[in-house]
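Trainee: As input, take coords_0.cif (mmCIF, C-alpha atoms):
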```cif
data_work
loop_
_atom_site.label_atom_id
_atom_site.label_comp_id
_atom_site.auth_asym_id
_atom_site.auth_seq_id
_atom_site.Cartn_x
_atom_site.Cartn_y
_atom_site.Cartn_z
CA MET A 1 8.17 28.10 32.07
CA ALA A 2 9.82 24.85 31.05
CA PHE A 3 6.42 23.45 30.01
CA LEU A 4 5.81 26.49 27.78
CA GLY A 5 9.21 26.04 26.12
CA ASP A 6 8.45 22.36 25.52
CA CYS A 7 5.13 23.29 23.94
CA VAL A 8 6.89 25.73 21.61
CA ILE A 9 9.36 23.02 20.52
CA VAL A 10 6.58 20.53 19.75
CA PHE A 11 4.44 23.18 18.02
CA VAL A 12 7.30 24.35 15.77
CA SER A 13 8.15 20.76 14.84
CA GLN A 14 4.50 20.09 14.03
CA MET A 15 4.43 23.14 11.77
CA LEU A 16 7.47 21.77 9.94
CA PHE A 17 5.80 18.36 9.59
CA PHE A 18 2.63 20.08 8.38
CA ALA A 19 4.64 21.96 5.74
CA GLY A 20 6.24 18.68 4.68
CA GLY A 21 2.83 17.05 4.27
CA TRP A 22 1.59 20.10 2.38
CA MET A 23 4.55 19.96 -0.04
CA PHE A 24 4.17 16.21 -0.54
CA PHE A 25 0.49 16.75 -1.32
CA ASN A 26 1.25 19.44 -3.94
CA LYS A 27 4.46 18.08 -5.45
CA GLU A 28 3.66 14.35 -5.54
CA LEU A 29 0.00 13.45 -5.12
CA PHE A 30 -1.67 16.38 -6.91
CA LYS A 31 1.01 17.46 -9.35
CA HIS A 32 -1.16 16.22 -12.25
CA TYR A 33 -4.50 17.38 -10.83
CA GLU A 34 -6.14 20.64 -9.95
CA ILE A 35 -6.64 21.15 -6.20
CA ARG A 36 -10.38 21.69 -5.87
CA HIS A 37 -10.81 21.51 -2.08
CA ILE A 38 -8.29 23.21 0.17
CA SER A 39 -9.92 21.44 3.13
CA VAL A 40 -8.72 18.07 1.77
CA GLN A 41 -5.17 19.39 1.71
CA LEU A 42 -5.51 20.70 5.27
CA ILE A 43 -6.86 17.37 6.55
CA PHE A 44 -4.13 15.33 4.84
CA SER A 45 -1.30 17.60 6.04
CA SER A 46 -2.68 17.72 9.59
CA THR A 47 -2.93 13.92 9.75
CA PHE A 48 0.61 13.62 8.46
CA ALA A 49 1.90 16.12 11.04
CA LEU A 50 0.15 14.38 13.95
CA SER A 51 1.37 10.97 12.77
CA VAL A 52 5.02 12.01 12.49
CA THR A 53 4.79 13.74 15.88
CA MET A 54 4.25 10.31 17.46
CA PHE A 55 7.61 9.18 16.10
CA GLU A 56 9.21 12.43 17.20
CA LEU A 57 8.04 11.84 20.78
CA ILE A 58 9.57 8.34 20.71
CA ILE A 59 12.94 9.82 19.73
CA PHE A 60 12.55 12.55 22.35
CA GLU A 61 11.94 9.82 24.93
CA ILE A 62 15.21 8.07 24.03
CA ILE A 63 17.48 11.13 23.95
CA GLY A 64 15.75 12.87 26.87
CA VAL A 65 14.39 15.97 25.14
CA LEU A 66 11.53 17.77 27.01
CA GLU A 67 10.41 17.21 30.55
CA SER A 68 8.85 13.86 31.41
CA SER A 69 5.51 15.47 32.27
CA SER A 70 5.58 17.47 29.02
CA ARG A 71 6.21 14.36 26.94
CA TYR A 72 3.31 12.59 28.65
CA PHE A 73 1.02 15.57 28.00
CA HIS A 74 1.95 15.74 24.31
CA TRP A 75 1.56 11.96 23.98
CA ARG A 76 -2.00 12.20 25.29
CA LEU A 77 -2.80 15.29 23.24
CA GLY A 78 -1.28 13.94 20.02
CA LEU A 79 -3.02 10.58 20.26
CA THR A 80 -6.34 12.25 21.08
CA LEU A 81 -6.12 14.55 18.05
CA LEU A 82 -4.98 11.72 15.75
CA LEU A 83 -7.86 9.50 16.92
CA PHE A 84 -10.25 12.41 16.40
CA MET A 85 -9.00 12.74 12.82
CA VAL A 86 -9.31 9.04 11.91
CA THR A 87 -12.60 8.38 13.73
CA ALA A 88 -14.49 11.62 13.11
CA VAL A 89 -13.07 14.25 10.75
CA ILE A 90 -11.85 12.05 7.86
CA PRO A 91 -14.73 9.50 7.89
CA ILE A 92 -17.33 12.31 8.00
CA TYR A 93 -15.63 14.16 5.14
CA ILE A 94 -15.36 10.96 3.06
CA CYS A 95 -19.05 10.14 3.58
CA HIS A 96 -20.06 13.72 2.77
CA SER A 97 -17.92 13.81 -0.39
CA VAL A 98 -19.26 10.50 -1.69
CA ILE A 99 -22.91 11.31 -0.98
CA HIS A 100 -22.59 14.90 -2.23
CA SER A 101 -21.27 13.60 -5.57
CA ILE A 102 -24.76 12.12 -6.17
CA SER A 103 -26.43 15.06 -7.88
CA PHE A 104 -30.10 14.39 -7.06
CA PHE A 105 -29.56 14.53 -3.26
CA SER A 106 -30.46 17.81 -1.57
CA ASP A 107 -28.08 19.44 0.91
CA LYS A 108 -30.30 18.54 3.86
CA LEU A 109 -30.52 14.90 2.76
CA VAL A 110 -26.73 14.84 2.28
CA ARG A 111 -26.20 15.96 5.88
CA ILE A 112 -28.64 13.37 7.21
CA LEU A 113 -27.10 10.51 5.21
CA THR A 114 -23.59 11.62 6.17
CA THR A 115 -24.52 11.47 9.85
CA ILE A 116 -26.08 8.03 9.42
CA CYS A 117 -23.03 6.69 7.56
CA TRP A 118 -20.70 8.05 10.24
CA PHE A 119 -22.64 6.30 13.01
CA VAL A 120 -22.54 3.10 10.96
CA PHE A 121 -18.75 3.51 10.72
CA LEU A 122 -18.46 4.00 14.49
CA TYR A 123 -20.64 0.96 15.11
CA GLY A 124 -18.50 -1.16 12.77
CA LEU A 125 -15.33 0.14 14.42
CA TRP A 126 -16.69 -0.85 17.83
CA ARG A 127 -17.85 -4.28 16.66
CA ILE A 128 -14.42 -5.00 15.19
CA GLY A 129 -13.23 -5.65 18.72
CA GLU A 130 -15.60 -8.56 19.35
CA PRO A 131 -13.55 -11.33 17.62
CA PHE A 132 -10.31 -10.05 19.19
CA PRO A 133 -9.08 -9.80 22.79
CA LEU A 134 -9.48 -6.04 23.00
CA LEU A 135 -10.64 -3.85 25.84
CA SER A 136 -14.27 -4.21 26.95
CA ALA A 137 -16.75 -1.43 27.64
CA SER A 138 -15.85 -1.60 31.34
CA HIS A 139 -12.67 0.35 30.51
CA GLY A 140 -14.77 3.18 29.11
CA ILE A 141 -16.02 3.89 25.59
CA PHE A 142 -14.64 7.30 24.61
CA THR A 143 -11.06 6.71 25.78
CA ILE A 144 -7.67 6.68 24.07
CA GLU A 145 -7.22 3.01 24.95
CA GLN A 146 -10.48 1.99 23.25
CA GLY A 147 -9.76 4.03 20.14
CA VAL A 148 -6.17 2.82 19.74
CA SER A 149 -7.14 -0.82 20.42
CA ARG A 150 -9.60 -0.85 17.51
CA ILE A 151 -7.77 1.42 15.11
CA SER A 152 -4.61 -0.65 15.59
CA VAL A 153 -6.31 -3.85 14.41
CA ILE A 154 -6.78 -2.26 10.99
CA GLY A 155 -3.43 -0.48 11.07
CA VAL A 156 -1.46 -3.59 12.08
CA THR A 157 -3.19 -5.54 9.31
CA VAL A 158 -2.15 -2.92 6.72
CA MET A 159 1.41 -2.85 8.11
CA ALA A 160 1.72 -6.64 8.01
CA ILE A 161 0.39 -6.87 4.45
CA LEU A 162 2.81 -4.20 3.20
CA SER A 163 5.71 -5.69 5.17
CA GLY A 164 5.08 -9.21 3.89
CA PHE A 165 4.78 -7.98 0.33
CA GLY A 166 7.93 -5.83 0.59
CA ALA A 167 10.00 -8.55 2.26
CA VAL A 168 9.42 -10.83 -0.75
CA ASN A 169 9.05 -8.33 -3.58
CA TYR A 170 12.16 -6.26 -2.83
CA PRO A 171 14.67 -9.14 -3.24
CA TYR A 172 12.73 -10.30 -6.29
CA THR A 173 13.00 -6.91 -8.01
CA SER A 174 16.58 -6.07 -6.97
CA MET A 175 18.51 -9.36 -7.24
CA THR A 176 20.03 -10.36 -10.56
CA TYR A 177 19.26 -14.00 -9.76
CA PHE A 178 15.58 -13.41 -10.59
CA ILE A 179 16.27 -11.59 -13.86
CA LYS A 180 15.42 -13.87 -16.76
CA PRO A 181 18.08 -13.65 -19.51
CA VAL A 182 16.64 -11.96 -22.58
CA SER A 183 18.40 -11.53 -25.92
CA ARG A 184 17.70 -8.87 -28.50
CA ASN A 185 16.68 -11.58 -30.98
CA ASP A 186 13.87 -12.70 -28.66
CA ILE A 187 12.46 -9.17 -28.57
CA ILE A 188 12.75 -8.77 -32.36
CA CYS A 189 10.97 -12.09 -32.86
CA PHE A 190 8.05 -11.04 -30.66
CA GLU A 191 7.90 -7.62 -32.33
CA ARG A 192 7.53 -9.35 -35.70
CA ARG A 193 4.84 -11.64 -34.31
CA LEU A 194 3.02 -8.61 -32.91
CA ALA A 195 3.21 -6.76 -36.23
CA LEU A 196 2.02 -9.86 -38.12
CA THR A 197 -0.89 -10.32 -35.75
CA VAL A 198 -1.89 -6.66 -36.12
CA ASP A 199 -1.78 -6.94 -39.93
CA MET A 200 -3.92 -10.09 -39.91
CA LEU A 201 -6.38 -8.55 -37.47
CA THR A 202 -6.64 -5.38 -39.54
CA GLY A 203 -7.19 -7.39 -42.73
CA LYS A 204 -9.99 -9.49 -41.25
CA LYS A 205 -11.72 -6.44 -39.78
CA ARG A 206 -11.48 -4.76 -43.20
CA ARG A 207 -13.07 -7.84 -44.80
CA ILE A 208 -15.90 -7.72 -42.24
CA ALA A 209 -16.48 -4.03 -42.90
CA MET A 210 -16.48 -4.52 -46.70
CA ALA A 211 -18.79 -7.51 -46.46
CA ALA A 212 -21.23 -5.59 -44.28
CA TYR A 213 -21.09 -2.59 -46.63
CA ASN A 214 -21.75 -4.72 -49.72
CA HIS A 215 -24.54 -6.55 -47.91
CA ASN A 216 -26.28 -3.31 -46.95
CA LYS A 217 -25.79 -1.86 -50.43
CA GLN A 218 -27.27 -4.92 -52.17
CA HIS A 219 -30.31 -5.16 -49.88
CA SER A 220 -30.99 -1.47 -49.36
CA THR A 221 -33.97 -1.56 -51.80
CA LYS A 222 -35.45 -4.87 -50.59
CA PRO A 223 -38.26 -5.20 -48.02
CA ARG A 224 -37.44 -5.17 -44.32
CA ILE A 225 -38.65 -8.76 -43.82
CA TRP A 226 -36.25 -9.97 -46.50
CA GLU A 227 -33.44 -7.94 -44.92
CA MET A 228 -34.08 -9.64 -41.54
CA ILE A 229 -33.94 -13.10 -43.13
CA THR A 230 -30.69 -12.46 -44.98
CA SER A 231 -29.05 -10.85 -41.95
CA ALA A 232 -29.68 -14.03 -39.97
CA VAL A 233 -27.58 -16.00 -42.49
CA HIS A 234 -24.66 -13.47 -42.39
CA ARG A 235 -23.23 -14.72 -45.69
CA THR A 236 -22.79 -12.29 -48.55
CA ASN A 237 -22.83 -12.95 -52.27
CA SER A 238 -19.05 -12.76 -52.28
CA GLY A 239 -18.92 -15.88 -50.10
CA GLU A 240 -17.76 -14.15 -46.90
CA ASP A 241 -19.09 -15.71 -43.68
CA ILE A 242 -19.28 -12.78 -41.28
CA ASN A 243 -19.80 -14.96 -38.19
CA GLN A 244 -16.70 -17.00 -39.04
CA LEU A 245 -14.67 -13.84 -39.58
CA LYS A 246 -15.83 -12.46 -36.21
CA GLN A 247 -14.71 -15.64 -34.46
CA GLU A 248 -11.31 -15.38 -36.15
CA VAL A 249 -11.07 -11.73 -35.12
CA TYR A 250 -11.83 -12.66 -31.51
CA GLY A 251 -9.09 -15.31 -31.55
CA LEU A 252 -6.59 -12.85 -33.07
CA GLU A 253 -7.46 -10.22 -30.45
CA GLU A 254 -6.73 -12.71 -27.68
CA LEU A 255 -3.47 -13.66 -29.39
CA LEU A 256 -2.57 -9.98 -29.81
CA ARG A 257 -3.12 -9.36 -26.10
CA SER A 258 -0.99 -12.37 -25.19
CA VAL A 259 1.88 -11.42 -27.53
CA PHE A 260 1.81 -7.79 -26.37
CA LEU A 261 2.01 -8.79 -22.68
CA GLU A 262 4.89 -11.16 -23.37
CA LEU A 263 6.73 -8.51 -25.41
CA ASN A 264 6.20 -5.96 -22.65
CA SER A 265 7.55 -8.46 -20.10
CA LEU A 266 10.64 -9.10 -22.24
CA LYS A 267 11.34 -5.38 -22.62
CA ASN A 268 10.95 -4.83 -18.88
CA MET A 269 13.35 -7.70 -18.24
CA GLU A 270 15.83 -6.23 -20.73
CA GLU A 271 15.60 -2.89 -18.92
CA ARG A 272 16.25 -4.66 -15.61
CA GLN A 273 19.31 -6.34 -17.15
CA ARG A 274 20.77 -2.99 -18.17
CA TRP A 275 19.94 -1.51 -14.77
CA SER A 276 21.59 -4.43 -12.92
CA GLU A 277 24.88 -3.69 -14.71
CA THR A 278 25.03 -0.15 -13.30
CA LEU A 279 26.64 0.75 -9.97
CA LYS A 280 23.22 1.37 -8.43
CA GLY A 281 21.97 -1.99 -9.69
CA LYS A 282 24.94 -3.82 -8.20
CA TYR A 283 24.40 -2.06 -4.88
CA PHE A 284 20.74 -3.05 -4.78
CA ASN A 285 21.70 -6.59 -5.74
CA VAL A 286 23.89 -6.84 -2.62
CA ILE A 287 21.14 -5.31 -0.47
CA GLY A 288 18.66 -7.73 -2.01
CA HIS A 289 20.71 -10.70 -0.79
CA PHE A 290 20.57 -9.36 2.76
CA PHE A 291 16.82 -8.82 2.47
CA SER A 292 16.33 -12.34 1.12
CA VAL A 293 18.08 -13.72 4.21
CA TYR A 294 15.95 -11.45 6.38
CA CYS A 295 12.79 -12.60 4.59
CA VAL A 296 13.58 -16.28 5.22
CA TYR A 297 14.49 -15.52 8.84
CA LYS A 298 11.34 -13.46 9.41
CA ILE A 299 9.08 -16.14 7.93
CA PHE A 300 10.79 -18.79 10.05
CA MET A 301 10.46 -16.70 13.23
CA CYS A 302 6.81 -15.95 12.46
CA CYS A 303 6.12 -19.67 12.19
CA ILE A 304 7.91 -20.25 15.52
CA ASN A 305 6.01 -17.43 17.20
CA ILE A 306 2.64 -18.67 15.89
CA ILE A 307 3.21 -22.35 16.68
CA PHE A 308 4.61 -21.82 20.19
CA ASP A 309 2.57 -18.67 20.96
CA ARG A 310 5.83 -16.84 21.65
CA VAL A 311 6.36 -13.08 21.97
CA GLY A 312 9.77 -11.45 22.40
CA ARG A 313 10.43 -10.05 25.86
CA LYS A 314 13.58 -8.05 25.12
CA ASP A 315 14.28 -5.56 22.40
CA PRO A 316 16.99 -6.46 19.84
CA VAL A 317 19.41 -3.78 21.09
CA THR A 318 19.37 -5.01 24.69
CA ARG A 319 19.64 -8.62 23.59
CA GLY A 320 22.56 -7.84 21.29
CA LEU A 321 24.45 -5.90 23.95
CA GLU A 322 23.92 -8.65 26.52
CA ILE A 323 25.35 -11.19 24.08
CA ALA A 324 28.33 -8.90 23.41
CA ILE A 325 29.03 -8.43 27.14
CA HIS A 326 28.23 -11.83 28.66
CA TRP A 327 29.03 -14.18 25.77
CA CYS A 328 31.73 -12.36 23.81
CA GLY A 329 33.36 -10.69 26.80
CA PHE A 330 33.37 -7.09 25.50
CA ASP A 331 33.91 -4.43 28.15
CA ILE A 332 31.48 -1.70 27.03
CA ASP A 333 29.27 0.88 28.71
CA PHE A 334 25.85 -0.78 28.53
CA ALA A 335 23.75 2.32 29.31
CA PHE A 336 25.64 4.56 26.84
CA TRP A 337 25.51 2.19 23.90
CA ASN A 338 21.96 1.08 24.68
CA GLN A 339 20.73 4.66 24.39
CA HIS A 340 22.69 5.56 21.26
CA ILE A 341 22.04 2.34 19.34
CA SER A 342 18.35 2.51 20.27
CA PHE A 343 18.25 6.08 18.99
CA TRP A 344 19.76 5.14 15.61
CA LEU A 345 17.66 1.98 15.31
CA VAL A 346 14.39 3.76 16.05
CA GLY A 347 15.45 6.62 13.77
CA CYS A 348 16.06 4.22 10.89
CA ILE A 349 12.72 2.51 11.52
CA VAL A 350 10.95 5.87 11.56
CA ILE A 351 12.56 7.10 8.33
CA THR A 352 12.01 3.85 6.44
CA SER A 353 8.41 3.60 7.70
CA ILE A 354 7.53 7.12 6.60
CA ARG A 355 9.35 6.82 3.27
CA GLY A 356 7.92 3.37 2.51
CA LEU A 357 4.36 4.39 3.29
CA LEU A 358 4.55 7.62 1.27
CA LEU A 359 5.96 5.78 -1.74
CA THR A 360 3.24 3.15 -1.47
CA LEU A 361 0.51 5.79 -1.15
CA THR A 362 1.88 7.64 -4.19
CA LYS A 363 1.89 4.51 -6.37
CA PHE A 364 -1.56 3.53 -5.17
CA PHE A 365 -2.93 7.03 -5.81
CA TYR A 366 -1.58 7.23 -9.37
CA ARG A 367 -2.94 3.78 -10.16
CA ILE A 368 -6.58 4.33 -9.19
CA SER A 369 -7.18 8.09 -9.05
CA SER A 370 -8.93 10.30 -11.57
CA SER A 371 -9.84 13.97 -11.72
CA LYS A 372 -13.25 13.24 -10.17
CA SER A 373 -12.23 10.80 -7.45
CA SER A 374 -8.82 12.21 -6.50
CA ASN A 375 -10.03 14.15 -3.43
CA ILE A 376 -11.92 11.17 -2.00
CA ILE A 377 -8.97 8.85 -2.59
CA VAL A 378 -6.61 11.27 -0.83
CA LEU A 379 -8.93 11.26 2.18
CA ILE A 380 -8.95 7.46 2.20
CA LEU A 381 -5.16 7.42 2.00
CA GLY A 382 -5.04 9.91 4.87
CA GLN A 383 -7.25 7.58 6.90
CA ILE A 384 -4.93 4.65 6.17
CA MET A 385 -1.89 6.78 7.00
CA GLY A 386 -3.28 7.77 10.40
CA MET A 387 -4.12 4.16 11.29
CA TYR A 388 -0.76 2.95 10.00
CA PHE A 389 1.35 5.35 12.05
CA CYS A 390 -0.77 4.88 15.16
CA SER A 391 -0.17 1.13 14.90
CA SER A 392 3.53 1.68 14.18
CA VAL A 393 3.94 3.35 17.56
CA LEU A 394 2.28 0.38 19.23
CA LEU A 395 4.50 -2.19 17.48
CA MET A 396 7.67 -0.09 17.80
CA ARG A 397 7.32 -0.37 21.57
CA MET A 398 8.85 -3.86 21.36
CA ASN A 399 11.98 -2.47 19.63
CA MET A 400 12.67 -0.08 22.50
CA PRO A 401 14.52 -0.86 25.74
CA ALA A 402 12.31 -1.37 28.78
CA GLU A 403 13.13 2.02 30.33
CA TYR A 404 12.01 3.88 27.17
CA ARG A 405 8.78 1.99 26.56
CA VAL A 406 7.30 2.87 29.96
CA ILE A 407 5.64 6.08 28.78
CA ILE A 408 3.95 4.31 25.85
CA THR A 409 2.59 1.71 28.26
CA GLU A 410 1.31 4.47 30.55
CA VAL A 411 -0.39 6.36 27.71
CA LEU A 412 -1.98 3.32 26.07
CA GLY A 413 -3.02 1.74 29.34
CA ASN A 414 -4.05 -1.91 29.57
CA LEU A 415 -3.79 -2.84 25.91
CA HIS A 416 -3.03 -6.47 25.04
CA PHE A 417 0.27 -5.69 23.33
CA ASN A 418 1.12 -9.36 22.76
CA PHE A 419 -2.03 -9.85 20.69
CA TYR A 420 -1.00 -7.21 18.17
CA HIS A 421 2.44 -8.78 17.72
CA ARG A 422 0.91 -12.23 17.15
CA TRP A 423 -1.64 -10.74 14.76
CA PHE A 424 1.17 -9.03 12.84
CA ASP A 425 3.05 -12.35 12.56
CA VAL A 426 -0.02 -14.16 11.20
CA ILE A 427 -0.85 -11.51 8.57
CA PHE A 428 2.82 -11.08 7.64
CA LEU A 429 3.18 -14.81 7.04
CA VAL A 430 0.03 -14.95 4.90
CA SER A 431 1.09 -11.87 2.91
CA ALA A 432 4.65 -13.13 2.33
CA LEU A 433 3.54 -16.60 1.22
CA THR A 434 0.81 -15.16 -1.03
CA THR A 435 3.30 -12.78 -2.64
CA THR A 436 5.72 -15.66 -3.20
CA VAL A 437 3.04 -17.72 -4.95
CA VAL A 438 1.90 -14.78 -7.11
CA LEU A 439 5.46 -13.92 -8.17
CA TYR A 440 6.15 -17.57 -8.97
CA LEU A 441 3.05 -17.81 -11.15
CA SER A 442 3.87 -14.49 -12.85
CA ARG A 443 7.25 -15.85 -13.97
CA LYS A 444 5.61 -18.67 -15.90
CA PRO A 445 5.51 -17.90 -19.63
CA VAL A 446 2.21 -16.79 -21.09
CA PRO A 447 0.95 -19.47 -23.51
CA SER A 448 0.21 -18.32 -27.00
CA ASP A 449 -1.48 -20.22 -29.79
CA ASP A 450 0.73 -19.98 -32.86
CA ALA A 451 -1.95 -21.73 -34.89
CA ASP A 452 -3.90 -18.47 -35.06
CA LEU A 453 -1.13 -16.97 -37.15
CA HIS A 454 -1.63 -19.42 -39.94
#
```
Could I get this structure in the form of C-alpha cells?
Mentor:
Amino acid sequence: MAFLGDCVIVFVSQMLFFAGGWMFFNKELFKHYEIRHISVQLIFSSTFALSVTMFELIIFEIIGVLESSSRYFHWRLGLTLLLFMVTAVIPIYICHSVIHSISFFSDKLVRILTTICWFVFLYGLWRIGEPFPLLSASHGIFTIEQGVSRISVIGVTVMAILSGFGAVNYPYTSMTYFIKPVSRNDIICFERRLALTVDMLTGKKRRIAMAAYNHNKQHSTKPRIWEMITSAVHRTNSGEDINQLKQEVYGLEELLRSVFLELNSLKNMEERQRWSETLKGKYFNVIGHFFSVYCVYKIFMCCINIIFDRVGRKDPVTRGLEIAIHWCGFDIDFAFWNQHISFWLVGCIVITSIRGLLLTLTKFFYRISSSKSSNIIVLILGQIMGMYFCSSVLLMRMNMPAEYRVIITEVLGNLHFNFYHRWFDVIFLVSALTTTVVLYLSRKPVPSDDADLH
C-alpha cells in the first residue's frame, strides 16, 4: 500500500513537470511558429518531465520522502525511460524527420534509411567509449550503466562548455568595470559617418546604373560582336569606368559594414550604461564581482585537479561543517544542519541548472530556427536536454553527503565517477579560457579606413 502511494506521488509530480514542459514549449519555443507535429511536443515534454524527475528523486533522498525501495524502483524506471528517449525515440524521430523532408524519397525508403541511420547512431554511441575509461562489454550491453556511461560523456561535455562560458561571460556582461564609457557625441559622430557612407554608396551605384543604361542605349542597334568588344572595355562615352566604380562600391560596402557594427556596439554599450545605473544593474554588478572571484577560483582549482589528478572526496557541505565544528569551535548539530543545508544547496543547483539550460535552449532556438526546421531543432534540443540532465545527476553526486549519494551509486553501478569529474574540469578550463580570449578580442575596436570617405 505504501508503494502504491509512492507511485501516485511520483506520477502526479511527473504530470506537473510534463505540463510545465508543455507550457514552455508553447509559450517560449513555439510562440512565433505554428505547431505542426503534436508528437514533437509530446516527446519534448516527456523528456523534460523525466529529466526533472531525476532531480526530484535527489531531493526526496535528502529529505526522506518515499520508501527506500520505492525511490530505488523509480530511479531505475526513470533512468531506463530517459535512456530510451535519448537513445531510441528522439534519434529515430530526428532521422525520420530529416529524411522525410527530402521529397523524392518514398515512404518505404524513408523507413529503411531511418533504421540504418539509427543503427549508425547506436554504433557511434558505443564507439565513443573506446577512448575513455568506460565500462566494457563484460558488464553487459543493454544496461543502465552502459547507457549512462556513454550518454554522460556527451552530457558532461555540454555542461562543461556552458559552465565555462557562463563563468566568464556573466561577470563580463554584468560588471560595470567592463562597460566601455561612451558619450553621446561618439554615437552622433558614427551616425554621421554611416549616413555619409550610405550617401556615397548610393551615388556611386546610381552612376553605375546610369552608365550601364547609357551604354546599352547607345549600342542597342550595333552588332552583337561589337557589343561584346565594347562591354569588355567597360568605359562609356561619358568617361565612366564601370570596373573602377564597382571596386569603389565594394570598398564602401566594407566600410559601411564596419561603421554599422561599431555604431551598433556603441549603442549597446550606451544601453548597458543606462542599465547599470538602475537598481537591478547595481545588484547584478555586485553579483558579478562574486562570480568573477568564483571564476578565478574555479579555473585555479581545475588546474590543480588536472595537474595533480585530484578529485574531491567530501562534499562542500560536510567539509564546511567540519571546519565550523573542529576549527572554529561551533557547537552545532552536525546531522541536522548537514541535511538541511544539503537540501537547500541541491535545490539551488537544481533550479539554476533547469533555468540556465532552458534559457540557453530558448536563445539557441531563436537564433537558428525557421518555420521549416523548427520541429527538428526542438528534437535536437530535447536530445541535448536529456543528456544534460542525466549527466547533471552524475556530477551532482559529488555535492551530496556520503549517506545520500549511496542510492545513486547503487543505481549507476560501477561507473568511473572520477573520470567524469576530471573530464568536466578539462572541458571547463578550455571553455573558460577560450571565452576569455574571444571576449578580449571582441573588445578591440574595429578598424575602419577613413580614406574611403574621401
Trainee: So what do you get for atom CA of Gln273 of chain A versus atom CA of Leu359 of chain A, distance-wise?
Mentor: 23.7 Å
Trainee: Neighbouring residues of Phe25 of chain A were defined as those with any atom within 10 Å, considering only C-alpha atoms; residues of the same chain fewer than 2 positions away were excluded. Please report them as a tab-separated table (two decimals) with C-alpha atoms, in the coordinates of the input.
Mentor:
```tsv
chain	number	residue	atom	x	y	z
A	19	ALA	CA	4.64	21.96	5.74
A	20	GLY	CA	6.24	18.68	4.68
A	21	GLY	CA	2.83	17.05	4.27
A	22	TRP	CA	1.59	20.10	2.38
A	23	MET	CA	4.55	19.96	-0.04
A	27	LYS	CA	4.46	18.08	-5.45
A	28	GLU	CA	3.66	14.35	-5.54
A	29	LEU	CA	0.00	13.45	-5.12
A	30	PHE	CA	-1.67	16.38	-6.91
A	31	LYS	CA	1.01	17.46	-9.35
A	35	ILE	CA	-6.64	21.15	-6.20
A	40	VAL	CA	-8.72	18.07	1.77
A	41	GLN	CA	-5.17	19.39	1.71
A	42	LEU	CA	-5.51	20.70	5.27
A	44	PHE	CA	-4.13	15.33	4.84
A	45	SER	CA	-1.30	17.60	6.04
A	362	THR	CA	1.88	7.64	-4.19
A	378	VAL	CA	-6.61	11.27	-0.83
```
Trainee: Quick check on the file I pasted: which residues fall under the PyMOL selection byres ((chain A and resi 411-422) around 10)? Write them as a short mmCIF file (atom, residue, chain, number, x, y, z; two decimals) with C-alpha atoms, in the frame of the given file.
Mentor:
```cif
data_model
loop_
_atom_site.label_atom_id
_atom_site.label_comp_id
_atom_site.auth_asym_id
_atom_site.auth_seq_id
_atom_site.Cartn_x
_atom_site.Cartn_y
_atom_site.Cartn_z
CA TYR A 72 3.31 12.59 28.65
CA PHE A 73 1.02 15.57 28.00
CA TRP A 75 1.56 11.96 23.98
CA ARG A 76 -2.00 12.20 25.29
CA LEU A 79 -3.02 10.58 20.26
CA PHE A 132 -10.31 -10.05 19.19
CA PRO A 133 -9.08 -9.80 22.79
CA LEU A 134 -9.48 -6.04 23.00
CA LEU A 135 -10.64 -3.85 25.84
CA HIS A 139 -12.67 0.35 30.51
CA THR A 143 -11.06 6.71 25.78
CA ILE A 144 -7.67 6.68 24.07
CA GLU A 145 -7.22 3.01 24.95
CA GLN A 146 -10.48 1.99 23.25
CA GLY A 147 -9.76 4.03 20.14
CA VAL A 148 -6.17 2.82 19.74
CA SER A 149 -7.14 -0.82 20.42
CA SER A 152 -4.61 -0.65 15.59
CA VAL A 153 -6.31 -3.85 14.41
CA VAL A 156 -1.46 -3.59 12.08
CA THR A 157 -3.19 -5.54 9.31
CA ALA A 160 1.72 -6.64 8.01
CA CYS A 302 6.81 -15.95 12.46
CA ASN A 305 6.01 -17.43 17.20
CA ILE A 306 2.64 -18.67 15.89
CA ASP A 309 2.57 -18.67 20.96
CA ARG A 310 5.83 -16.84 21.65
CA VAL A 311 6.36 -13.08 21.97
CA GLY A 312 9.77 -11.45 22.40
CA ARG A 313 10.43 -10.05 25.86
CA SER A 391 -0.17 1.13 14.90
CA LEU A 394 2.28 0.38 19.23
CA LEU A 395 4.50 -2.19 17.48
CA ARG A 397 7.32 -0.37 21.57
CA MET A 398 8.85 -3.86 21.36
CA VAL A 406 7.30 2.87 29.96
CA ILE A 407 5.64 6.08 28.78
CA ILE A 408 3.95 4.31 25.85
CA THR A 409 2.59 1.71 28.26
CA GLU A 410 1.31 4.47 30.55
CA TRP A 423 -1.64 -10.74 14.76
CA PHE A 424 1.17 -9.03 12.84
CA ASP A 425 3.05 -12.35 12.56
CA VAL A 426 -0.02 -14.16 11.20
CA ILE A 427 -0.85 -11.51 8.57
CA PHE A 428 2.82 -11.08 7.64
#
```
Trainee: Out of A:Ser183, A:Arg192, A:Tyr404, A:Ile376, which residue has the shortest atom-to-atom distance to His100 of chain A when counting all atoms listed in the file?
Mentor: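 Of all the options, A:Ile376 lies closest to His100 of chain A.
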Trainee: Which neighbours of segment 46-51 of chain A fall inside 6 Å, counting only C-alpha atoms, when residues of the same chain fewer than 5 positions from it are skipped, and could you give them as a list in words?
Mentor: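 After dropping sequence-adjacent residues, the list is Gln14, Phe17, Phe18, Gly21 and Phe389 of chain A.
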Trainee: Closest to Leu57 of chain A among A:Leu109, A:Val393, A:Cys189, A:Val158, using only C-alpha atoms?
Mentor: A:Val393
Trainee: For the structure shown, which residues end up in the PyMOL selection byres ((chain A and resi 9) around 12)? Put them as a list in words, please?
Mentor: Ala2, Phe3, Leu4, Gly5, Asp6, Cys7, Val8, Val10, Phe11, Val12, Ser13, Gln14, Met15, Leu16, Thr53, Glu56, Leu57, Phe60, Val65, Leu66, Glu67, Ser70, Arg71 and His74 of chain A
Trainee: So, with only C-alpha atoms as the atoms that count, which of A:Lys246, A:Lys108, A:Arg257, A:Lys280 lies closest to Ala209 of chain A?
Mentor: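 So, comparing all the options, the nearest one is A:Lys246.
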Trainee: Take atom CA of Ile128 of chain A and atom CA of Ile154 of chain A and report the distance between them in Å, one decimal.
Mentor: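 A separation of 9.1 Å between them.
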Trainee: Would you mind listing what lies within 8 Å of Leu194 of chain A as a PyMOL selection string, with only C-alpha atoms counted and same-chain residues fewer than 4 positions away left out?
Mentor: chain A and resi 190+198+256+259-260
